[in-house]
$ cat data_37.txt   # compact mmCIF, C-alpha atoms and all ligand atoms
# COMPACT_ATOMS: atom_id res chain seq x y z
CA MET A 24 156.98 136.84 92.53
CA GLY A 25 159.87 138.55 90.78
CA GLN A 26 162.43 141.04 91.98
CA LEU A 27 161.41 144.46 93.17
CA PRO A 28 161.75 147.07 90.39
CA LEU A 29 165.01 149.00 90.80
CA VAL A 30 163.27 152.36 91.26
CA LEU A 31 161.19 150.89 94.05
CA SER A 32 164.16 149.43 95.88
CA VAL A 33 165.83 152.86 95.82
CA LEU A 34 162.67 154.47 97.19
CA LEU A 35 162.50 151.74 99.80
CA ASP A 36 165.94 152.73 101.12
CA GLU A 37 164.66 156.27 101.53
CA ALA A 38 161.52 154.99 103.28
CA LYS A 39 163.67 152.94 105.65
CA ARG A 40 165.66 156.07 106.50
CA VAL A 41 162.51 158.12 107.14
CA TRP A 42 160.93 155.42 109.34
CA GLY A 43 164.23 154.93 111.20
CA GLN A 44 164.33 158.51 112.47
CA ALA A 45 162.70 159.70 115.67
CA PRO A 46 159.10 160.44 114.71
CA PRO A 47 158.19 164.09 114.35
CA SER A 48 155.28 164.81 116.69
CA TRP A 49 151.94 166.39 115.96
CA GLU A 50 150.53 169.11 118.22
CA PRO A 51 146.94 170.23 118.24
CA CYS A 52 146.41 173.72 116.81
CA ARG A 53 143.65 176.29 116.67
CA VAL A 54 142.20 176.91 113.24
CA GLU A 55 142.87 180.54 112.34
CA PRO A 56 140.03 182.69 110.95
CA ASP A 57 141.93 183.11 107.66
CA GLU A 58 142.24 179.32 107.34
CA LEU A 59 138.51 178.94 107.80
CA ARG A 60 137.84 181.68 105.28
CA ALA A 61 140.15 179.95 102.79
CA ALA A 62 138.39 176.62 103.38
CA GLU A 63 135.01 178.24 102.82
CA ARG A 64 136.20 179.98 99.66
CA GLU A 65 137.54 176.73 98.22
CA ALA A 66 134.39 174.87 99.23
CA MET A 67 132.15 177.39 97.53
CA GLU A 68 134.17 178.36 94.46
CA GLY A 69 136.72 175.69 93.64
CA ALA A 70 134.44 173.54 91.50
CA GLN A 71 136.59 173.25 88.39
CA PHE A 72 137.55 169.65 89.23
CA ASP A 73 135.15 169.00 92.10
CA ARG A 74 132.08 168.91 89.87
CA LEU A 75 130.04 166.98 92.43
CA GLY A 76 130.52 169.75 95.00
CA LEU A 77 132.06 167.34 97.52
CA LYS A 78 133.92 170.14 99.32
CA ARG A 79 130.78 172.21 99.57
CA GLY A 80 128.88 169.25 101.03
CA VAL A 81 131.47 168.77 103.76
CA TRP A 82 131.62 172.51 104.48
CA GLU A 83 127.84 172.62 104.86
CA ALA A 84 127.97 169.61 107.19
CA TYR A 85 130.54 171.47 109.28
CA ARG A 86 128.33 174.56 109.42
CA ALA A 87 125.37 172.38 110.40
CA GLY A 88 127.39 170.79 113.21
CA THR A 89 127.61 167.32 111.68
CA ALA A 90 131.27 167.50 110.64
CA ARG A 91 134.08 168.15 113.12
CA LEU A 92 137.17 170.25 112.72
CA VAL A 93 140.61 168.88 113.64
CA CYS A 94 143.80 170.92 113.33
CA LYS A 95 147.33 169.58 113.83
CA ARG A 96 150.75 171.09 113.40
CA LEU A 97 153.95 169.16 112.71
CA GLY A 98 156.62 171.53 114.02
CA PRO A 99 157.79 173.79 111.20
CA LEU A 100 156.93 171.15 108.57
CA ALA A 101 153.18 171.11 108.15
CA ARG A 102 149.80 172.32 109.27
CA VAL A 103 146.74 170.18 108.54
CA VAL A 104 143.08 171.18 108.94
CA CYS A 105 140.57 168.33 108.61
CA LEU A 106 136.82 168.63 108.17
CA LEU A 107 135.51 165.21 109.12
CA PRO A 108 131.90 164.23 108.50
CA LYS A 109 130.33 161.90 111.08
CA GLY A 110 131.93 158.47 111.12
CA ILE A 111 135.07 159.52 109.22
CA ALA A 112 138.33 158.88 111.07
CA GLU A 113 141.27 161.27 111.40
CA PRO A 114 144.07 160.71 108.90
CA PRO A 115 146.86 158.19 109.68
CA TRP A 116 148.93 160.83 111.49
CA GLU A 117 152.03 158.72 111.90
CA LEU A 118 152.19 157.93 108.19
CA TRP A 119 151.47 161.56 107.28
CA ALA A 120 154.32 162.67 109.57
CA ARG A 121 156.68 160.39 107.62
CA ILE A 122 155.39 161.79 104.32
CA PHE A 123 156.16 165.36 105.42
CA ALA A 124 159.53 164.21 106.76
CA TRP A 125 160.22 162.63 103.34
CA PHE A 126 159.47 165.92 101.56
CA GLY A 127 161.18 168.10 104.19
CA ARG A 128 160.87 171.87 104.38
CA ALA A 129 159.35 173.82 101.51
CA ALA A 130 161.69 176.05 99.50
CA ASP A 131 160.13 179.18 101.07
CA GLY A 132 160.58 177.79 104.60
CA ARG A 133 156.85 177.91 105.30
CA PRO A 134 154.92 174.86 106.51
CA TRP A 135 153.02 172.74 103.99
CA ARG A 136 149.36 173.62 104.51
CA VAL A 137 146.70 171.00 103.91
CA THR A 138 142.93 171.26 104.12
CA TRP A 139 141.10 167.95 103.95
CA PHE A 140 137.36 167.85 103.22
CA ALA A 141 136.88 164.14 103.94
CA ALA A 142 133.84 163.47 101.74
CA PRO A 143 132.77 159.82 101.97
CA SER A 144 132.36 159.57 98.22
CA PRO A 145 134.47 156.84 96.61
CA ARG A 146 135.61 156.93 92.99
CA ARG A 147 133.31 154.78 90.85
CA PHE A 148 133.35 153.89 87.18
CA PRO A 149 130.36 155.45 85.40
CA SER A 150 128.16 153.33 83.11
CA VAL A 151 129.81 151.50 80.24
CA GLY A 152 130.39 153.84 77.29
CA GLN A 153 130.46 157.04 79.35
CA ASP A 154 133.63 159.17 79.21
CA LEU A 155 135.62 159.70 82.40
CA GLY A 156 135.63 163.28 83.71
CA PRO A 157 137.07 165.10 86.72
CA GLU A 158 134.05 164.10 88.81
CA HIS A 159 135.05 160.44 88.45
CA VAL A 160 138.76 160.70 89.13
CA ASN A 161 139.89 163.90 90.86
CA GLY A 162 140.22 164.29 94.61
CA GLY A 163 142.57 167.18 95.30
CA TYR A 164 144.55 170.08 93.91
CA THR A 165 147.22 172.62 94.72
CA ARG A 166 149.27 175.35 93.10
CA PRO A 167 152.61 174.07 91.73
CA CYS A 168 155.76 175.29 93.49
CA SER A 169 153.82 176.82 96.37
CA THR A 170 152.89 176.47 100.04
CA HIS A 171 149.65 178.29 99.28
CA GLY A 172 147.72 175.17 100.22
CA ILE A 173 146.81 171.63 99.28
CA PHE A 174 143.08 170.85 99.16
CA ILE A 175 141.94 167.23 99.34
CA TYR A 176 138.25 166.45 99.08
CA ARG A 177 137.63 162.73 99.31
CA GLU A 178 138.14 160.42 102.25
CA GLU A 179 139.20 157.67 99.85
CA GLU A 180 142.88 157.64 98.89
CA ALA A 181 143.57 160.84 100.83
CA THR A 182 147.14 159.72 101.55
CA ARG A 183 147.87 158.95 97.91
CA VAL A 184 146.40 162.34 96.94
CA LEU A 185 148.50 164.05 99.63
CA ILE A 186 151.70 162.66 98.10
CA HIS A 187 150.54 163.53 94.57
CA GLU A 188 149.80 167.14 95.54
CA LEU A 189 152.99 167.50 97.57
CA LEU A 190 154.97 166.51 94.47
CA HIS A 191 153.30 169.38 92.58
CA ALA A 192 153.69 171.80 95.50
CA ALA A 193 157.37 170.87 95.89
CA CYS A 194 157.93 171.88 92.25
CA LEU A 195 158.71 168.36 91.04
CA ASP A 196 156.66 168.53 87.83
CA GLU A 197 158.73 167.97 84.71
CA GLN A 198 159.29 171.22 82.84
CA GLY A 199 159.71 172.01 79.17
CA PRO A 200 157.62 171.88 76.01
CA ALA A 201 157.81 168.09 75.67
CA TRP A 202 155.80 167.77 78.87
CA SER A 203 152.13 168.55 78.29
CA ILE A 204 149.82 168.69 81.32
CA PRO A 205 148.52 165.12 80.86
CA LEU A 206 152.09 163.78 80.64
CA ARG A 207 153.12 165.70 83.76
CA GLU A 208 150.09 164.43 85.63
CA ALA A 209 150.76 160.83 84.60
CA GLN A 210 154.32 161.14 85.79
CA ILE A 211 153.46 162.78 89.12
CA GLU A 212 150.80 160.13 89.75
CA THR A 213 153.26 157.31 88.99
CA TRP A 214 155.81 158.70 91.45
CA ALA A 215 153.08 159.21 94.06
CA GLU A 216 152.09 155.54 93.81
CA LEU A 217 155.66 154.29 94.03
CA ILE A 218 156.40 156.52 97.03
CA LEU A 219 153.19 155.34 98.71
CA VAL A 220 154.19 151.67 98.24
CA ALA A 221 157.67 152.40 99.65
CA LEU A 222 156.36 154.32 102.67
CA LYS A 223 153.60 151.83 103.49
CA SER A 224 156.25 149.08 103.40
CA LYS A 225 158.30 150.98 106.02
CA GLY A 226 161.43 149.85 104.21
CA SER A 227 160.58 146.13 104.26
CA ALA A 228 161.35 144.46 100.92
CA ALA A 229 158.87 141.65 101.58
CA ALA A 230 156.07 144.11 102.31
CA ALA A 231 157.00 146.17 99.25
CA LYS A 232 156.88 143.11 96.99
CA ARG A 233 153.46 142.14 98.31
CA LEU A 234 152.09 145.67 97.90
CA TRP A 235 153.71 146.23 94.52
CA THR A 236 152.32 142.95 93.16
CA ALA A 237 148.82 144.03 94.23
CA GLN A 238 149.30 147.57 92.93
CA SER A 239 150.72 146.55 89.55
CA HIS A 240 147.69 144.28 88.96
CA TRP A 241 145.36 147.05 90.12
CA VAL A 242 146.88 149.49 87.60
CA ALA A 243 146.72 146.99 84.74
CA ASP A 244 143.10 146.05 85.53
CA THR A 245 141.83 149.59 86.09
CA ASN A 246 143.49 150.84 82.92
CA TRP A 247 142.03 147.94 80.94
CA LYS A 248 138.55 148.80 82.13
CA ALA A 249 138.98 152.55 81.51
CA ARG A 250 140.22 151.77 78.00
CA THR A 251 137.73 149.15 76.92
CA MET A 252 134.59 150.28 78.76
CA ASN A 253 134.99 154.04 79.24
CA ASN A 254 136.76 155.33 76.13
CA THR A 255 140.10 156.17 77.74
CA GLN A 256 142.28 155.54 74.70
CA ASP A 257 144.89 158.25 74.45
CA ILE A 258 146.23 161.52 75.83
CA THR A 259 143.23 163.48 74.54
CA ASP A 260 140.87 161.53 76.83
CA TYR A 261 140.63 163.16 80.26
CA GLY A 262 141.11 160.03 82.40
CA TRP A 263 144.31 159.07 80.53
CA ARG A 264 146.50 161.42 82.59
CA TYR A 265 145.80 159.51 85.82
CA LEU A 266 145.14 156.03 84.48
CA CYS A 267 146.45 154.71 81.17
CA GLY A 268 149.19 157.37 81.00
CA ARG A 269 150.82 155.63 83.95
CA GLU A 270 151.80 152.75 81.65
CA GLN A 271 154.18 155.04 79.71
CA MET A 272 155.66 156.40 82.90
CA TYR A 273 156.17 153.00 84.51
CA ALA A 274 157.82 151.85 81.27
CA ARG A 275 160.19 154.86 81.35
CA LEU A 276 161.21 153.82 84.85
CA GLY A 277 161.87 150.28 83.68
CA VAL A 278 158.87 148.92 85.56
CA SER A 279 156.73 146.35 83.75
CA LEU A 280 153.07 145.77 84.50
CA PRO A 281 151.29 142.40 84.40
CA ALA A 282 148.61 141.52 81.85
CA PRO A 283 145.13 142.75 82.79
CA ARG A 284 142.67 140.26 84.27
CA ALA A 285 139.68 141.19 82.14
CA ALA A 286 137.06 139.02 83.83
CA ALA A 287 137.73 140.44 87.31
CA ALA A 288 138.33 143.98 86.04
CA SER A 289 135.07 144.19 84.11
CA VAL A 290 132.97 143.66 87.26
CA ASN A 291 135.01 145.89 89.58
CA GLY A 292 133.22 149.24 89.89
CA SER A 293 135.95 150.96 91.91
CA LEU A 294 137.89 153.67 90.14
CA ARG A 295 140.50 154.00 92.88
CA PHE A 296 143.96 154.55 91.40
CA THR A 297 145.59 152.28 93.99
CA THR A 298 144.75 148.90 95.50
CA PRO A 299 142.65 148.99 98.68
CA LEU A 300 145.60 147.17 100.33
CA LEU A 301 147.42 150.51 100.31
CA GLU A 302 144.65 152.13 102.33
CA LYS A 303 145.01 149.85 105.36
ZN ZN B 1 148.14 166.39 89.73

$ encode --input "data_37.txt" --output "structure tokens" --more "lines below"
Ligand SMILES: [Zn+2]
Amino acid sequence: MGQLPLVLSVLLDEAKRVWGQAPPSWEPCRVEPDELRAAEREAMEGAQFDRLGLKRGVWEAYRAGTARLVCKRLGPLARVVCLLPKGIAEPPWELWARIFAWFGRAADGRPWRVTWFAAPSPRRFPSVGQDLGPEHVNGGYTRPCSTHGIFIYREEEATRVLIHELLHAACLDEQGPAWSIPLREAQIETWAELILVALKSKGSAAAAKRLWTAQSHWVADTNWKARTMNNTQDITDYGWRYLCGREQMYARLGVSLPAPRAAAASVNGSLRFTTPLLEK
């Protein structure tokens, strides 16, 4: 196992700092009527990326009494409303507190607002030959440079999606004509994955090496499969922005990826962006 990439060791120092501080504490909160109205509106109308209607399914479960509502507030930093179908656990609150501590206060001073529709619907590769669309890869969205709200709609990889959307919300997208939307997405996703590895490692270099080794193989293998079995060749293919586009962004950061392991990759149906080790 080689050295940790430089960018990751810098992020690890920041993670160590965040984990070394007294933990911010979560308090239960009451869901306000306007928050519920916003959740319902998103569940019913926001289907541009959520083509499977995952949000709507969770909202209907809530209305039918089979999904529970949990609301927590992290001082002035964040407010999180979860809609949890039966059997789905609450988010890893301690880790989420560190994520909000990492990002700090929003520019407008308002708390980051998150609504999580925890649909138990994992990302899966479609049949060989089928193009990848939003229904296969997306799991959340927000408005850039805004505390308007982050909406996450899968249980799987909710923490990775939270970091990805916070990067958008905190106005950290690259600007300028050289940065098309797919390039910006690929870059945001790459940072989200590196920050997730650093935070999950709690500043430990040994843990970061273990997680990065697993994650770098996962990226190489998933991209190989997307490219060879599901037509994800270049920037004009929808899945490129979250998958193969990461290769360019890792290369820019001086991070090399291992060779894909075709035999294992071809039989892995999971279209997670990150190794399941990062979910634990
Ligand atoms: Zn994005």

$ closest_residue --input "data_37.txt" --among "A:Ala101, A:Val33, A:Met272, A:Leu77" --to "A:Trp214" --atoms "all atoms listed in the file"
A:Met272

$ closest_residue --input "data_37.txt" --among "A:Asp257, A:Glu216, A:Glu302, A:Glu188" --to "ligand ZN 1 (chain B)" --atoms "only C-alpha atoms and all ligand atoms"
A:Glu188

$ closest_atom_pairs --input "data_37.txt" --of "chain A" --to "ligand ZN 1 (chain B)" --cutoff "10 Å" --atoms "only C-alpha atoms and all ligand atoms" --output "Markdown table"
| residue | atom | partner | partner_atom | distance |
| --- | --- | --- | --- | --- |
| A:Asn161 | CA | B:ZN1 | ZN | 8.7 |
| A:Gly162 | CA | B:ZN1 | ZN | 9.5 |
| A:Gly163 | CA | B:ZN1 | ZN | 7.9 |
| A:Tyr164 | CA | B:ZN1 | ZN | 6.6 |
| A:Thr165 | CA | B:ZN1 | ZN | 8.0 |
| A:Arg166 | CA | B:ZN1 | ZN | 9.6 |
| A:Pro167 | CA | B:ZN1 | ZN | 9.1 |
| A:Val184 | CA | B:ZN1 | ZN | 8.5 |
| A:Ile186 | CA | B:ZN1 | ZN | 9.8 |
| A:His187 | CA | B:ZN1 | ZN | 6.1 |
| A:Glu188 | CA | B:ZN1 | ZN | 6.1 |
| A:Leu189 | CA | B:ZN1 | ZN | 9.3 |
| A:Leu190 | CA | B:ZN1 | ZN | 8.3 |
| A:His191 | CA | B:ZN1 | ZN | 6.6 |
| A:Ala192 | CA | B:ZN1 | ZN | 9.7 |
| A:Asp196 | CA | B:ZN1 | ZN | 9.0 |
| A:Ile204 | CA | B:ZN1 | ZN | 8.9 |
| A:Pro205 | CA | B:ZN1 | ZN | 9.0 |
| A:Arg207 | CA | B:ZN1 | ZN | 7.8 |
| A:Glu208 | CA | B:ZN1 | ZN | 4.9 |
| A:Ala209 | CA | B:ZN1 | ZN | 8.0 |
| A:Gln210 | CA | B:ZN1 | ZN | 9.0 |
| A:Ile211 | CA | B:ZN1 | ZN | 6.5 |
| A:Glu212 | CA | B:ZN1 | ZN | 6.8 |
| A:Ala215 | CA | B:ZN1 | ZN | 9.7 |
| A:Arg264 | CA | B:ZN1 | ZN | 8.9 |
| A:Tyr265 | CA | B:ZN1 | ZN | 8.3 |

$ write_last_selection --input "data_37.txt" --atoms "C-alpha atoms" --output "tab-separated table (two decimals), in the frame of the given file"
chain	number	residue	atom	x	y	z
A	161	ASN	CA	139.89	163.90	90.86
A	162	GLY	CA	140.22	164.29	94.61
A	163	GLY	CA	142.57	167.18	95.30
A	164	TYR	CA	144.55	170.08	93.91
A	165	THR	CA	147.22	172.62	94.72
A	166	ARG	CA	149.27	175.35	93.10
A	167	PRO	CA	152.61	174.07	91.73
A	184	VAL	CA	146.40	162.34	96.94
A	186	ILE	CA	151.70	162.66	98.10
A	187	HIS	CA	150.54	163.53	94.57
A	188	GLU	CA	149.80	167.14	95.54
A	189	LEU	CA	152.99	167.50	97.57
A	190	LEU	CA	154.97	166.51	94.47
A	191	HIS	CA	153.30	169.38	92.58
A	192	ALA	CA	153.69	171.80	95.50
A	196	ASP	CA	156.66	168.53	87.83
A	204	ILE	CA	149.82	168.69	81.32
A	205	PRO	CA	148.52	165.12	80.86
A	207	ARG	CA	153.12	165.70	83.76
A	208	GLU	CA	150.09	164.43	85.63
A	209	ALA	CA	150.76	160.83	84.60
A	210	GLN	CA	154.32	161.14	85.79
A	211	ILE	CA	153.46	162.78	89.12
A	212	GLU	CA	150.80	160.13	89.75
A	215	ALA	CA	153.08	159.21	94.06
A	264	ARG	CA	146.50	161.42	82.59
A	265	TYR	CA	145.80	159.51	85.82

$ residues_around --input "data_37.txt" --residues "A:Cys94" --least-positions-apart "2" --cutoff "10 Å" --atoms "only C-alpha atoms" --output "compact mmCIF listing (two decimals) with C-alpha atoms, in the frame of the given file"
# COMPACT_ATOMS: atom_id res chain seq x y z
CA TRP A 49 151.94 166.39 115.96
CA GLU A 50 150.53 169.11 118.22
CA PRO A 51 146.94 170.23 118.24
CA CYS A 52 146.41 173.72 116.81
CA ARG A 53 143.65 176.29 116.67
CA VAL A 54 142.20 176.91 113.24
CA GLU A 55 142.87 180.54 112.34
CA LEU A 92 137.17 170.25 112.72
CA ARG A 96 150.75 171.09 113.40
CA ARG A 102 149.80 172.32 109.27
CA VAL A 103 146.74 170.18 108.54
CA VAL A 104 143.08 171.18 108.94
CA CYS A 105 140.57 168.33 108.61
CA LEU A 106 136.82 168.63 108.17
CA VAL A 137 146.70 171.00 103.91
CA THR A 138 142.93 171.26 104.12

$ closest_residue --input "data_37.txt" --among "A:Thr255, A:Ala243, A:Thr297, A:Ala130" --to "A:Ala285" --atoms "only C-alpha atoms"
A:Ala243

$ atom_distance --input "data_37.txt" --atom1 "atom CA of A:Ala249" --atom2 "atom CA of A:Ala282"
14.6 Å

$ build_atoms --input "data_37.txt" --residues "stretch 61-97 of chain A" --atoms "N, CA and C atoms" --output "PDB file, in the frame of the given file"
ATOM      1  N   ALA A  61     139.605 180.607 103.988  1.00  0.00           N
ATOM      2  CA  ALA A  61     140.150 179.950 102.790  1.00  0.00           C
ATOM      3  C   ALA A  61     139.408 178.643 102.502  1.00  0.00           C
ATOM      4  N   ALA A  62     139.111 177.885 103.572  1.00  0.00           N
ATOM      5  CA  ALA A  62     138.390 176.620 103.380  1.00  0.00           C
ATOM      6  C   ALA A  62     137.005 176.896 102.795  1.00  0.00           C
ATOM      7  N   GLU A  63     136.349 177.927 103.327  1.00  0.00           N
ATOM      8  CA  GLU A  63     135.010 178.240 102.820  1.00  0.00           C
ATOM      9  C   GLU A  63     135.074 178.682 101.349  1.00  0.00           C
ATOM     10  N   ARG A  64     136.068 179.501 101.044  1.00  0.00           N
ATOM     11  CA  ARG A  64     136.200 179.980  99.660  1.00  0.00           C
ATOM     12  C   ARG A  64     136.400 178.801  98.716  1.00  0.00           C
ATOM     13  N   GLU A  65     137.296 177.890  99.083  1.00  0.00           N
ATOM     14  CA  GLU A  65     137.540 176.730  98.220  1.00  0.00           C
ATOM     15  C   GLU A  65     136.293 175.858  98.104  1.00  0.00           C
ATOM     16  N   ALA A  66     135.587 175.720  99.228  1.00  0.00           N
ATOM     17  CA  ALA A  66     134.390 174.870  99.230  1.00  0.00           C
ATOM     18  C   ALA A  66     133.328 175.441  98.300  1.00  0.00           C
ATOM     19  N   MET A  67     133.221 176.756  98.283  1.00  0.00           N
ATOM     20  CA  MET A  67     132.150 177.390  97.530  1.00  0.00           C
ATOM     21  C   MET A  67     132.515 177.649  96.065  1.00  0.00           C
ATOM     22  N   GLU A  68     133.814 177.924  95.811  1.00  0.00           N
ATOM     23  CA  GLU A  68     134.170 178.360  94.460  1.00  0.00           C
ATOM     24  C   GLU A  68     134.995 177.356  93.670  1.00  0.00           C
ATOM     25  N   GLY A  69     135.760 176.534  94.361  1.00  0.00           N
ATOM     26  CA  GLY A  69     136.720 175.690  93.640  1.00  0.00           C
ATOM     27  C   GLY A  69     136.068 174.462  93.030  1.00  0.00           C
ATOM     28  N   ALA A  70     135.213 174.661  92.054  1.00  0.00           N
ATOM     29  CA  ALA A  70     134.440 173.540  91.500  1.00  0.00           C
ATOM     30  C   ALA A  70     134.926 173.097  90.122  1.00  0.00           C
ATOM     31  N   GLN A  71     136.098 173.594  89.723  1.00  0.00           N
ATOM     32  CA  GLN A  71     136.590 173.250  88.390  1.00  0.00           C
ATOM     33  C   GLN A  71     136.772 171.734  88.237  1.00  0.00           C
ATOM     34  N   PHE A  72     137.350 171.104  89.258  1.00  0.00           N
ATOM     35  CA  PHE A  72     137.550 169.650  89.230  1.00  0.00           C
ATOM     36  C   PHE A  72     136.502 168.926  90.068  1.00  0.00           C
ATOM     37  N   ASP A  73     136.094 169.594  91.147  1.00  0.00           N
ATOM     38  CA  ASP A  73     135.150 169.000  92.100  1.00  0.00           C
ATOM     39  C   ASP A  73     133.723 169.267  91.611  1.00  0.00           C
ATOM     40  N   ARG A  74     133.373 168.613  90.499  1.00  0.00           N
ATOM     41  CA  ARG A  74     132.080 168.910  89.870  1.00  0.00           C
ATOM     42  C   ARG A  74     130.900 168.413  90.683  1.00  0.00           C
ATOM     43  N   LEU A  75     131.144 167.492  91.605  1.00  0.00           N
ATOM     44  CA  LEU A  75     130.040 166.980  92.430  1.00  0.00           C
ATOM     45  C   LEU A  75     129.823 167.846  93.669  1.00  0.00           C
ATOM     46  N   GLY A  76     130.671 168.879  93.831  1.00  0.00           N
ATOM     47  CA  GLY A  76     130.520 169.750  95.000  1.00  0.00           C
ATOM     48  C   GLY A  76     130.785 169.021  96.311  1.00  0.00           C
ATOM     49  N   LEU A  77     131.767 168.127  96.305  1.00  0.00           N
ATOM     50  CA  LEU A  77     132.060 167.340  97.520  1.00  0.00           C
ATOM     51  C   LEU A  77     132.560 168.238  98.647  1.00  0.00           C
ATOM     52  N   LYS A  78     133.408 169.218  98.304  1.00  0.00           N
ATOM     53  CA  LYS A  78     133.920 170.140  99.320  1.00  0.00           C
ATOM     54  C   LYS A  78     132.774 170.934  99.948  1.00  0.00           C
ATOM     55  N   ARG A  79     131.905 171.413  99.093  1.00  0.00           N
ATOM     56  CA  ARG A  79     130.780 172.210  99.570  1.00  0.00           C
ATOM     57  C   ARG A  79     129.899 171.390 100.529  1.00  0.00           C
ATOM     58  N   GLY A  80     129.684 170.123 100.176  1.00  0.00           N
ATOM     59  CA  GLY A  80     128.880 169.250 101.030  1.00  0.00           C
ATOM     60  C   GLY A  80     129.484 169.097 102.417  1.00  0.00           C
ATOM     61  N   VAL A  81     130.803 168.931 102.469  1.00  0.00           N
ATOM     62  CA  VAL A  81     131.470 168.770 103.760  1.00  0.00           C
ATOM     63  C   VAL A  81     131.447 170.092 104.532  1.00  0.00           C
ATOM     64  N   TRP A  82     131.663 171.195 103.822  1.00  0.00           N
ATOM     65  CA  TRP A  82     131.620 172.510 104.480  1.00  0.00           C
ATOM     66  C   TRP A  82     130.239 172.745 105.092  1.00  0.00           C
ATOM     67  N   GLU A  83     129.198 172.424 104.341  1.00  0.00           N
ATOM     68  CA  GLU A  83     127.840 172.620 104.860  1.00  0.00           C
ATOM     69  C   GLU A  83     127.568 171.718 106.057  1.00  0.00           C
ATOM     70  N   ALA A  84     128.118 170.501 106.031  1.00  0.00           N
ATOM     71  CA  ALA A  84     127.970 169.610 107.190  1.00  0.00           C
ATOM     72  C   ALA A  84     128.663 170.214 108.411  1.00  0.00           C
ATOM     73  N   TYR A  85     129.821 170.817 108.179  1.00  0.00           N
ATOM     74  CA  TYR A  85     130.540 171.470 109.280  1.00  0.00           C
ATOM     75  C   TYR A  85     129.698 172.623 109.846  1.00  0.00           C
ATOM     76  N   ARG A  86     129.148 173.429 108.968  1.00  0.00           N
ATOM     77  CA  ARG A  86     128.330 174.560 109.420  1.00  0.00           C
ATOM     78  C   ARG A  86     127.080 174.093 110.163  1.00  0.00           C
ATOM     79  N   ALA A  87     126.572 172.919 109.762  1.00  0.00           N
ATOM     80  CA  ALA A  87     125.370 172.380 110.400  1.00  0.00           C
ATOM     81  C   ALA A  87     125.701 171.590 111.670  1.00  0.00           C
ATOM     82  N   GLY A  88     126.993 171.475 111.979  1.00  0.00           N
ATOM     83  CA  GLY A  88     127.390 170.790 113.210  1.00  0.00           C
ATOM     84  C   GLY A  88     127.507 169.284 113.074  1.00  0.00           C
ATOM     85  N   THR A  89     127.490 168.774 111.841  1.00  0.00           N
ATOM     86  CA  THR A  89     127.610 167.320 111.680  1.00  0.00           C
ATOM     87  C   THR A  89     128.971 166.905 111.129  1.00  0.00           C
ATOM     88  N   ALA A  90     129.882 167.854 110.994  1.00  0.00           N
ATOM     89  CA  ALA A  90     131.270 167.500 110.640  1.00  0.00           C
ATOM     90  C   ALA A  90     132.165 168.215 111.646  1.00  0.00           C
ATOM     91  N   ARG A  91     133.217 167.512 112.117  1.00  0.00           N
ATOM     92  CA  ARG A  91     134.080 168.150 113.120  1.00  0.00           C
ATOM     93  C   ARG A  91     135.368 168.632 112.484  1.00  0.00           C
ATOM     94  N   LEU A  92     135.960 169.595 113.197  1.00  0.00           N
ATOM     95  CA  LEU A  92     137.170 170.250 112.720  1.00  0.00           C
ATOM     96  C   LEU A  92     138.339 169.753 113.565  1.00  0.00           C
ATOM     97  N   VAL A  93     139.409 169.308 112.914  1.00  0.00           N
ATOM     98  CA  VAL A  93     140.610 168.880 113.640  1.00  0.00           C
ATOM     99  C   VAL A  93     141.791 169.611 113.012  1.00  0.00           C
ATOM    100  N   CYS A  94     142.634 170.201 113.849  1.00  0.00           N
ATOM    101  CA  CYS A  94     143.800 170.920 113.330  1.00  0.00           C
ATOM    102  C   CYS A  94     145.045 170.378 114.023  1.00  0.00           C
ATOM    103  N   LYS A  95     146.057 170.022 113.243  1.00  0.00           N
ATOM    104  CA  LYS A  95     147.330 169.580 113.830  1.00  0.00           C
ATOM    105  C   LYS A  95     148.510 170.200 113.102  1.00  0.00           C
ATOM    106  N   ARG A  96     149.555 170.429 113.899  1.00  0.00           N
ATOM    107  CA  ARG A  96     150.750 171.090 113.400  1.00  0.00           C
ATOM    108  C   ARG A  96     151.927 170.148 113.617  1.00  0.00           C
ATOM    109  N   LEU A  97     152.771 170.027 112.606  1.00  0.00           N
ATOM    110  CA  LEU A  97     153.950 169.160 112.710  1.00  0.00           C
ATOM    111  C   LEU A  97     155.186 170.060 112.720  1.00  0.00           C
TER     112      LEU A  97
END
